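**Q** Contents of structure.txt (compact mmCIF, C-alpha atoms and all ligand atoms) are given next:
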# COMPACT_ATOMS: atom_id res chain seq x y z
CA LYS A 215 -41.77 60.48 -8.25
CA ARG A 216 -38.48 62.36 -8.32
CA LEU A 217 -36.64 59.10 -8.16
CA LYS A 218 -38.57 57.80 -11.13
CA GLU A 219 -37.92 60.96 -13.14
CA GLY A 220 -34.28 61.00 -12.18
CA LEU A 221 -33.79 57.44 -13.24
CA SER A 222 -35.74 57.73 -16.48
CA LYS A 223 -32.66 57.46 -18.69
CA THR A 224 -31.52 54.34 -16.91
CA LYS A 225 -35.02 52.97 -17.04
CA GLN A 226 -35.02 53.35 -20.80
CA GLY A 227 -31.53 51.92 -20.96
CA ILE A 228 -32.18 48.80 -18.94
CA THR A 229 -35.90 48.12 -18.72
CA GLY A 230 -36.64 49.33 -22.22
CA LYS A 231 -34.14 46.91 -23.63
CA VAL A 232 -35.16 44.05 -21.35
CA ASP A 233 -38.82 44.51 -22.35
CA GLU A 234 -37.96 44.52 -26.01
CA LEU A 235 -35.81 41.45 -25.62
CA LEU A 236 -38.39 39.44 -23.73
CA LYS A 237 -41.08 40.35 -26.26
CA SER A 238 -38.94 39.15 -29.12
CA TYR A 239 -38.58 35.65 -27.67
CA LYS A 240 -41.20 32.88 -27.77
CA LYS A 241 -39.36 30.65 -25.32
CA ILE A 242 -36.59 30.90 -22.79
CA ASP A 243 -33.37 29.62 -24.31
CA GLU A 244 -29.64 30.13 -24.24
CA ALA A 245 -29.75 32.98 -26.74
CA LEU A 246 -32.12 34.90 -24.49
CA PHE A 247 -29.77 34.54 -21.55
CA GLU A 248 -26.88 35.76 -23.66
CA GLU A 249 -28.71 38.85 -24.83
CA LEU A 250 -29.88 39.60 -21.31
CA GLU A 251 -26.32 39.29 -20.09
CA GLU A 252 -25.23 41.79 -22.73
CA ILE A 253 -27.87 44.32 -21.64
CA LEU A 254 -26.87 44.07 -17.98
CA ILE A 255 -23.17 44.38 -18.69
CA THR A 256 -23.58 47.43 -20.92
CA SER A 257 -25.60 49.16 -18.21
CA ASP A 258 -22.55 49.02 -15.90
CA ILE A 259 -23.93 46.45 -13.48
CA GLY A 260 -20.53 44.78 -13.71
CA VAL A 261 -19.45 41.47 -15.19
CA LYS A 262 -19.26 39.51 -11.99
CA THR A 263 -22.61 40.68 -10.67
CA THR A 264 -24.23 40.10 -14.07
CA MET A 265 -22.96 36.51 -14.15
CA GLU A 266 -24.35 35.97 -10.70
CA ILE A 267 -27.72 37.36 -11.72
CA ILE A 268 -27.87 35.22 -14.86
CA ASP A 269 -26.89 32.05 -13.00
CA GLY A 270 -29.46 32.79 -10.32
CA LEU A 271 -32.11 33.36 -13.00
CA ARG A 272 -31.34 30.04 -14.64
CA ASP A 273 -31.81 28.22 -11.33
CA LYS A 274 -35.02 30.06 -10.47
CA ILE A 275 -36.48 29.45 -13.91
CA LYS A 276 -35.81 25.73 -13.59
CA GLU A 277 -37.02 25.55 -10.02
CA LYS A 278 -40.26 27.45 -10.68
CA LYS A 279 -40.73 25.81 -14.09
CA VAL A 280 -41.07 29.21 -15.74
CA SER A 281 -41.55 29.00 -19.50
CA GLU A 282 -42.83 32.42 -20.61
CA PRO A 283 -40.11 34.96 -21.44
CA GLU A 284 -42.13 37.81 -19.97
CA GLN A 285 -42.11 36.16 -16.56
CA VAL A 286 -38.33 36.60 -16.53
CA LYS A 287 -38.74 40.31 -15.82
CA GLU A 288 -40.25 39.72 -12.38
CA LEU A 289 -37.49 37.26 -11.53
CA LEU A 290 -34.85 39.74 -12.66
CA LYS A 291 -36.38 42.38 -10.41
CA GLU A 292 -36.28 40.02 -7.45
CA ALA A 293 -32.68 39.08 -8.19
CA LEU A 294 -31.58 42.73 -8.28
CA ILE A 295 -33.29 43.56 -5.02
CA GLU A 296 -31.77 40.52 -3.38
CA ILE A 297 -28.27 41.45 -4.50
CA LEU A 298 -28.60 45.07 -3.40
CA GLN A 299 -29.94 44.06 -0.01
CA ARG A 300 -26.86 41.99 0.72
CA LEU A 301 -25.00 45.14 1.73
CA PRO A 302 -25.90 46.26 5.22
CA ASP A 303 -27.48 49.47 6.45
CA ALA A 304 -27.98 51.96 3.66
CA GLN A 305 -28.84 54.79 6.08
CA VAL A 306 -26.52 57.67 6.80
CA ASN A 307 -25.99 57.07 10.47
CA ILE A 308 -26.23 60.22 12.61
CA GLU A 309 -27.74 58.72 15.74
CA PRO A 310 -27.00 59.05 18.55
CA GLY A 311 -25.96 62.70 18.17
CA PRO A 312 -23.70 64.54 18.02
CA ALA A 313 -22.58 63.23 14.64
CA ILE A 314 -19.91 64.14 12.15
CA VAL A 315 -20.11 63.38 8.45
CA LEU A 316 -16.88 63.66 6.47
CA VAL A 317 -17.42 63.98 2.77
CA VAL A 318 -14.59 62.93 0.46
CA GLY A 319 -14.19 62.66 -3.29
CA VAL A 320 -12.35 64.25 -6.22
CA ASN A 321 -13.25 67.69 -7.54
CA GLY A 322 -16.26 67.98 -9.78
CA VAL A 323 -18.09 64.86 -8.68
CA GLY A 324 -20.76 66.84 -6.82
CA LYS A 325 -19.34 66.99 -3.32
CA THR A 326 -20.43 70.53 -2.46
CA THR A 327 -23.85 70.03 -3.97
CA SER A 328 -24.35 66.80 -2.05
CA ILE A 329 -23.31 68.46 1.22
CA GLY A 330 -25.87 71.22 0.63
CA LYS A 331 -28.59 68.72 -0.16
CA MET A 332 -27.66 66.58 2.84
CA ALA A 333 -27.78 69.62 5.14
CA HIS A 334 -31.26 70.30 3.81
CA ARG A 335 -32.37 66.71 4.53
CA PHE A 336 -31.05 66.76 8.09
CA LYS A 337 -32.53 70.18 8.75
CA GLN A 338 -35.90 68.98 7.53
CA ASP A 339 -35.59 66.18 10.05
CA GLY A 340 -35.26 68.81 12.76
CA LYS A 341 -31.50 68.56 13.23
CA LYS A 342 -29.18 71.46 13.99
CA VAL A 343 -26.61 71.35 11.20
CA LEU A 344 -23.21 73.03 10.80
CA LEU A 345 -20.97 72.91 7.73
CA ALA A 346 -17.16 73.00 7.62
CA ALA A 347 -15.43 74.33 4.50
CA GLY A 348 -12.54 71.88 4.60
CA ASP A 349 -11.59 72.29 0.96
CA THR A 350 -9.30 75.25 1.42
CA PHE A 351 -7.44 74.77 -1.84
CA ARG A 352 -10.15 76.17 -4.05
CA ALA A 353 -11.73 79.52 -3.20
CA ALA A 354 -14.69 78.50 -5.30
CA ALA A 355 -15.29 75.48 -3.09
CA SER A 356 -16.00 77.45 0.08
CA GLU A 357 -17.94 80.08 -1.85
CA GLN A 358 -20.14 77.36 -3.30
CA LEU A 359 -20.57 75.86 0.13
CA GLU A 360 -21.63 79.25 1.52
CA ILE A 361 -24.19 79.68 -1.21
CA TRP A 362 -25.66 76.30 -0.34
CA ALA A 363 -25.57 77.11 3.38
CA GLN A 364 -27.56 80.30 2.79
CA ARG A 365 -30.03 78.51 0.60
CA VAL A 366 -30.58 75.80 3.19
CA GLY A 367 -30.34 78.12 6.20
CA VAL A 368 -27.37 76.68 8.08
CA GLU A 369 -24.02 78.11 9.21
CA VAL A 370 -20.55 77.45 7.83
CA VAL A 371 -17.14 77.50 9.48
CA LYS A 372 -14.50 78.60 7.00
CA HIS A 373 -10.96 79.93 6.84
CA GLN A 374 -9.05 81.78 4.19
CA GLU A 375 -8.08 80.08 0.98
CA GLY A 376 -4.87 78.10 1.34
CA SER A 377 -5.12 77.56 5.07
CA ASP A 378 -4.78 74.16 6.71
CA PRO A 379 -7.87 71.98 6.17
CA ALA A 380 -7.26 70.24 9.51
CA ALA A 381 -7.39 73.64 11.25
CA VAL A 382 -10.79 74.36 9.71
CA ILE A 383 -12.11 71.01 10.90
CA PHE A 384 -10.64 71.67 14.36
CA ASP A 385 -12.46 75.00 14.62
CA ALA A 386 -15.65 73.55 13.22
CA ILE A 387 -15.63 70.81 15.86
CA GLN A 388 -15.18 73.36 18.66
CA ALA A 389 -18.04 75.41 17.20
CA ALA A 390 -20.21 72.30 16.87
CA LYS A 391 -19.66 71.49 20.54
CA ALA A 392 -20.24 75.07 21.72
CA ARG A 393 -23.40 75.48 19.64
CA LYS A 394 -24.68 71.99 20.47
CA VAL A 395 -24.93 71.01 16.84
CA ASP A 396 -26.51 67.65 15.99
CA VAL A 397 -24.66 67.07 12.73
CA LEU A 398 -21.42 68.59 11.50
CA ILE A 399 -20.87 68.00 7.78
CA CYS A 400 -17.30 68.52 6.59
CA ASP A 401 -16.14 69.19 3.07
CA THR A 402 -12.59 67.99 2.32
CA ALA A 403 -10.08 68.71 -0.42
CA GLY A 404 -10.45 66.55 -3.50
CA ARG A 405 -7.02 66.80 -5.01
CA LEU A 406 -6.18 63.33 -6.12
CA HIS A 407 -2.67 63.75 -7.51
CA ASN A 408 -1.49 60.56 -5.97
CA LYS A 409 -2.26 58.30 -3.09
CA LYS A 410 0.42 59.66 -0.78
CA ASN A 411 -0.78 63.19 -1.20
CA LEU A 412 -4.36 62.18 -0.51
CA MET A 413 -3.29 60.22 2.53
CA ASN A 414 -1.43 63.19 3.93
CA GLU A 415 -4.32 65.57 3.46
CA LEU A 416 -7.07 63.33 4.70
CA GLY A 417 -4.96 61.66 7.39
CA LYS A 418 -4.47 64.92 9.23
CA VAL A 419 -8.17 65.68 9.14
CA PHE A 420 -9.09 62.22 10.40
CA LYS A 421 -6.63 62.55 13.26
CA VAL A 422 -8.18 65.82 14.38
CA VAL A 423 -11.64 64.28 14.24
CA ASP A 424 -10.62 61.26 16.30
CA ARG A 425 -8.82 63.38 18.87
CA GLU A 426 -11.33 66.21 19.18
CA TYR A 427 -14.63 64.50 18.43
CA GLY A 428 -14.06 60.84 19.18
CA GLU A 429 -17.41 60.63 20.95
CA ALA A 430 -19.38 61.71 17.88
CA THR A 431 -21.11 59.20 15.61
CA LYS A 432 -18.99 59.21 12.48
CA GLU A 433 -19.63 58.62 8.78
CA VAL A 434 -17.11 58.93 5.97
CA LEU A 435 -18.99 59.26 2.71
CA LEU A 436 -17.31 59.03 -0.67
CA VAL A 437 -18.96 60.96 -3.48
CA LEU A 438 -18.77 59.42 -6.95
CA ASP A 439 -20.08 60.71 -10.27
CA ALA A 440 -22.27 57.96 -11.75
CA THR A 441 -21.68 59.21 -15.29
CA THR A 442 -17.99 58.30 -15.09
CA GLY A 443 -18.48 54.53 -14.80
CA GLN A 444 -15.20 52.66 -14.50
CA ASN A 445 -13.39 55.83 -13.50
CA ALA A 446 -15.61 56.09 -10.44
CA ILE A 447 -14.72 52.54 -9.45
CA GLN A 448 -11.03 53.37 -9.77
CA GLN A 449 -11.40 56.48 -7.58
CA ALA A 450 -13.28 54.47 -5.02
CA LYS A 451 -10.53 51.88 -4.84
CA THR A 452 -7.94 54.58 -4.15
CA PHE A 453 -10.02 56.25 -1.45
CA LYS A 454 -10.81 52.91 0.11
CA GLU A 455 -7.09 52.36 0.61
CA VAL A 456 -6.60 55.61 2.50
CA ALA A 457 -9.86 55.98 4.40
CA ASN A 458 -12.42 53.85 6.11
CA ILE A 459 -15.30 54.72 3.80
CA THR A 460 -18.64 53.93 5.44
CA GLY A 461 -20.87 54.70 2.49
CA LEU A 462 -21.17 56.06 -1.03
CA ILE A 463 -23.05 58.97 -2.52
CA LEU A 464 -23.62 58.43 -6.22
CA THR A 465 -24.41 61.67 -8.02
CA LYS A 466 -25.77 62.62 -11.44
CA LEU A 467 -27.81 59.47 -11.90
CA ASP A 468 -30.25 61.65 -13.82
CA GLY A 469 -27.56 62.29 -16.40
CA THR A 470 -26.82 58.71 -17.31
CA ALA A 471 -28.50 55.67 -18.83
CA LYS A 472 -26.03 53.56 -16.94
CA GLY A 473 -27.60 53.76 -13.50
CA GLY A 474 -26.80 50.08 -13.19
CA VAL A 475 -23.50 51.38 -11.90
CA VAL A 476 -25.20 51.70 -8.50
CA ILE A 477 -25.36 47.93 -8.41
CA GLY A 478 -21.93 47.38 -9.95
CA ILE A 479 -20.03 49.77 -7.69
CA SER A 480 -21.60 48.72 -4.42
CA GLN A 481 -21.02 45.05 -5.17
CA GLU A 482 -17.47 45.48 -6.38
CA LEU A 483 -16.44 47.60 -3.40
CA THR A 484 -18.71 46.01 -0.81
CA ILE A 485 -19.58 49.50 0.42
CA PRO A 486 -23.26 50.41 0.55
CA VAL A 487 -24.65 53.24 -1.56
CA LYS A 488 -26.35 55.47 1.01
CA LEU A 489 -27.53 58.43 -1.03
CA ILE A 490 -28.16 59.06 -4.70
CA GLY A 491 -28.22 62.37 -6.56
CA VAL A 492 -30.92 62.59 -9.20
CA GLY A 493 -30.81 66.28 -10.11
CA GLU A 494 -29.42 69.69 -9.21
CA LYS A 495 -32.13 70.87 -6.83
CA MET A 496 -32.12 70.81 -3.06
CA GLU A 497 -34.55 67.87 -2.91
CA ASP A 498 -32.66 65.83 -5.46
CA LEU A 499 -30.67 63.74 -3.03
CA GLN A 500 -32.46 60.61 -2.03
CA GLN A 501 -31.81 57.98 0.51
CA PHE A 502 -30.95 54.83 -1.35
CA ASN A 503 -33.35 51.98 -0.95
CA ALA A 504 -32.89 48.78 -2.97
CA THR A 505 -36.58 48.04 -3.41
CA ASP A 506 -37.52 51.61 -4.38
CA PHE A 507 -34.60 51.80 -6.76
CA VAL A 508 -35.46 48.60 -8.57
CA LYS A 509 -39.17 49.52 -8.60
CA ALA A 510 -38.35 52.90 -10.11
CA LEU A 511 -36.41 51.14 -12.83
CA PHE A 512 -38.98 48.49 -13.59
CA GLY A 513 -42.14 50.47 -12.86
P1 LIG B 601 -17.54 69.38 -6.34
O1 LIG B 601 -16.42 69.99 -7.11
O2 LIG B 601 -17.33 67.92 -6.14
O3 LIG B 601 -17.86 70.07 -5.07
O4 LIG B 601 -18.80 69.46 -7.31
P2 LIG B 601 -20.08 70.39 -7.25
O5 LIG B 601 -20.91 70.07 -6.08
O6 LIG B 601 -19.69 71.81 -7.44
O7 LIG B 601 -20.89 69.85 -8.53
C1 LIG B 601 -20.39 69.91 -9.85
C2 LIG B 601 -21.55 70.03 -10.81
O8 LIG B 601 -22.36 68.86 -10.78
C3 LIG B 601 -22.50 71.17 -10.47
O9 LIG B 601 -22.87 71.83 -11.65
C4 LIG B 601 -23.71 70.49 -9.85
O10 LIG B 601 -24.91 71.20 -10.04
C5 LIG B 601 -23.73 69.18 -10.60
N1 LIG B 601 -24.38 68.11 -9.84
C6 LIG B 601 -24.09 67.64 -8.61
N2 LIG B 601 -24.90 66.61 -8.27
C7 LIG B 601 -25.76 66.43 -9.32
C8 LIG B 601 -26.83 65.50 -9.60
O11 LIG B 601 -27.20 64.61 -8.81
N3 LIG B 601 -27.44 65.64 -10.82
C9 LIG B 601 -27.07 66.58 -11.72
N4 LIG B 601 -27.71 66.62 -12.88
N5 LIG B 601 -26.06 67.43 -11.49
C10 LIG B 601 -25.42 67.38 -10.32
As structure tokens, how would this structure be written, given the file I've shared?
**A**
Amino acid sequence: KRLKEGLSKTKQGITGKVDELLKSYKKIDEALFEELEEILITSDIGVKTTMEIIDGLRDKIKEKKVSEPEQVKELLKEALIEILQRLPDAQVNIEPGPAIVLVVGVNGVGKTTSIGKMAHRFKQDGKKVLLAAGDTFRAAASEQLEIWAQRVGVEVVKHQEGSDPAAVIFDAIQAAKARKVDVLICDTAGRLHNKKNLMNELGKVFKVVDREYGEATKEVLLVLDATTGQNAIQQAKTFKEVANITGLILTKLDGTAKGGVVIGISQELTIPVKLIGVGEKMEDLQQFNATDFVKALFG
């Protein structure tokens, strides 16, 4: 239900328009395909993926001898699910424990919020969770993280503002081992001045993790703000060059009609979307599932 509510703007944006379009046509012709293409592209599904969908639809329509425009909707649904399922394993992998989840992304995308929500999810699943305040450049970042930790009922390892992020992660790993934590979730600094700077900051953290916690199951999740469209894709490309990103968290899907970006981004980057943010509350982080997502969009 939350997913449906959270995606209501996108639903209106894509499905509303598709419905209208299909109703306005008596038969399936070239003009219909062109208008459909336009709708998909403007919802940020991406040009390449849209072309692929349209070509696939053409073939299916011929093969199944479909003639009614309204039947196209079901085929479109199937095509979207198929494309989304091409990317492997949408689960955040924390088994076998202990696990470490490094969360990266630029400031303001919803990193802290997503960490809080994720901690809540894991805790609900019966896991012992610890947070690491690895963004030491902004005092507000660790304060925010502490507020979330209290809300969720988990502990945080933090240092003073301006201290070395890698030192925080080092301490957090020792604490995680001593306290037999199942999942350690680490915030990282999101200062994206340039690639070299990012590489330096994250590189040190990754080194500590590999050296001190090499046995832990590891995820590196990149948080992207869905409302920023092409900008998000650009950020992702930069992060992909400096880190081995294992999955994406797309936030603020409730704030955009262009939720098609979930499809566009994952296809363009060939990195699976693992979690989606559909609101500001603790429960508003959902595991991404292609079928549920497309069903929520198409009802
Ligand atoms: P950070 O700087 O990346 O750590 O960003 P924050 O976690 O502080 O989030 C920035 C703002 O985005 C906050 O006001 C959050 O409440 C809001 N936010 C984060 N995720 C979502 C989401 O999925 N939906 C909505 N509507 N707001 C979100």
**Q** Nearest to ligand LIG 601 (chain B): which of A:Val318, A:Ile275, A:Met265, A:Val434 is it, counting all atoms listed in the file?
**A**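 Ranked by minimum distance to ligand LIG 601 (chain B), first place goes to A:Val318.
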**Q** Quick check, in Å to one decimal: how far apart do atom C9 of ligand LIG 601 (chain B) and atom CA of A:Lys262 lie?
**A**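 Computing the Euclidean distance for atom C9 of ligand LIG 601 (chain B) and atom CA of A:Lys262 yields 28.2 Å.
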**Q** Show me, as a ChimeraX atom specification, the residues that have an atom within 7 Å of A:Ser377 when counting only C-alpha atoms, minus same-chain residues fewer than 3 positions from it.
**A** /A:350,373-374
**Q** Using C-alpha atoms, can you write the selected residues to a file as a PDB file, in the coordinates of the input?
**A**
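Saved as selection39.pdb:
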ATOM      1  CA  THR A 350      -9.300  75.250   1.420  1.00  0.00           C
ATOM      2  CA  HIS A 373     -10.960  79.930   6.840  1.00  0.00           C
ATOM      3  CA  GLN A 374      -9.050  81.780   4.190  1.00  0.00           C
TER       4      GLN A 374
END
**Q** Quick one: residues within 7 Å of ligand LIG 601 (chain B), with all atoms listed in the file, as a CSV table (one decimal) with C-alpha atoms, in the coordinates of the input?
**A**
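Listing of part_33.csv after writing:
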chain,number,residue,atom,x,y,z
A,319,GLY,CA,-14.2,62.7,-3.3
A,320,VAL,CA,-12.4,64.2,-6.2
A,321,ASN,CA,-13.2,67.7,-7.5
A,322,GLY,CA,-16.3,68.0,-9.8
A,323,VAL,CA,-18.1,64.9,-8.7
A,324,GLY,CA,-20.8,66.8,-6.8
A,325,LYS,CA,-19.3,67.0,-3.3
A,326,THR,CA,-20.4,70.5,-2.5
A,327,THR,CA,-23.8,70.0,-4.0
A,328,SER,CA,-24.4,66.8,-2.0
A,355,ALA,CA,-15.3,75.5,-3.1
A,358,GLN,CA,-20.1,77.4,-3.3
A,465,THR,CA,-24.4,61.7,-8.0
A,466,LYS,CA,-25.8,62.6,-11.4
A,467,LEU,CA,-27.8,59.5,-11.9
A,468,ASP,CA,-30.2,61.6,-13.8
A,469,GLY,CA,-27.6,62.3,-16.4
A,490,ILE,CA,-28.2,59.1,-4.7
A,491,GLY,CA,-28.2,62.4,-6.6
A,492,VAL,CA,-30.9,62.6,-9.2
A,493,GLY,CA,-30.8,66.3,-10.1
A,494,GLU,CA,-29.4,69.7,-9.2
A,498,ASP,CA,-32.7,65.8,-5.5
A,499,LEU,CA,-30.7,63.7,-3.0
**Q** Can you pull out the residues contacting A:Phe247? Cut-off 9 Å, using all atoms listed in the file, and skip same-chain residues under 5 positions away; I want them as a list of chain:residue names.
**A** A:Ile242, A:Glu252, A:Ile268, A:Leu271, A:Arg272
**Q** Tell me which protein, DNA and RNA residues are within 6 Å of stretch 485-488 of chain A, counting all atoms listed in the file, leaving out same-chain ones fewer than 2 positions away, and put them as a PyMOL selection string.
**A** chain A and resi 301+304-305+461-463+480+483+502
**Q** Between A:Lys418, A:Lys495, A:Lys331, A:Lys509, which has the minimum distance to A:Asp378 (counting all atoms listed in the file)?
**A** A:Lys418
**Q** For A:Lys223, find every residue with an atom within 7 Å (counting all atoms listed in the file), except residues of its own chain fewer than 4 positions away, and show them as a list in words.
**A**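 That gives Gly227, Asp468, Thr470 and Ala471 of chain A.
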**Q** Could you state the separation of atom CA of A:Val475 and atom CA of A:Asp258 in Å, given to one decimal place?
**A**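 These two atoms are separated by 4.7 Å.
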**Q** Can you pull out every residue within 10 Å of stretch 243-246 of chain A, counting only C-alpha atoms, but drop anything in the same chain fewer than 5 positions away, and send it as a VMD selection string?
**A** chain A and resid 235 to 236 238 251 to 252 272 281 283
**Q** Taking only C-alpha atoms into account, name the residue in A:Arg335, A:Lys409, A:Lys394, A:Lys432 that is nearest to A:Lys451.
**A**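 For A:Lys451, the nearest of the candidates is A:Lys409.
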**Q** What is the atom CA of A:Arg216-atom CA of A:Gly513 distance in Å, reported with one decimal?
**A**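 Answer for the atom CA of A:Arg216 to atom CA of A:Gly513 separation: 13.2 Å.
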**Q** Give the answer as one residue: which of A:Glu426, A:Glu357, A:Glu248, A:Glu369 has the shortest atom-to-atom distance to A:Gln388, using only C-alpha atoms?
**A**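 Residue with the minimum atom-to-atom distance to A:Gln388: A:Glu426.
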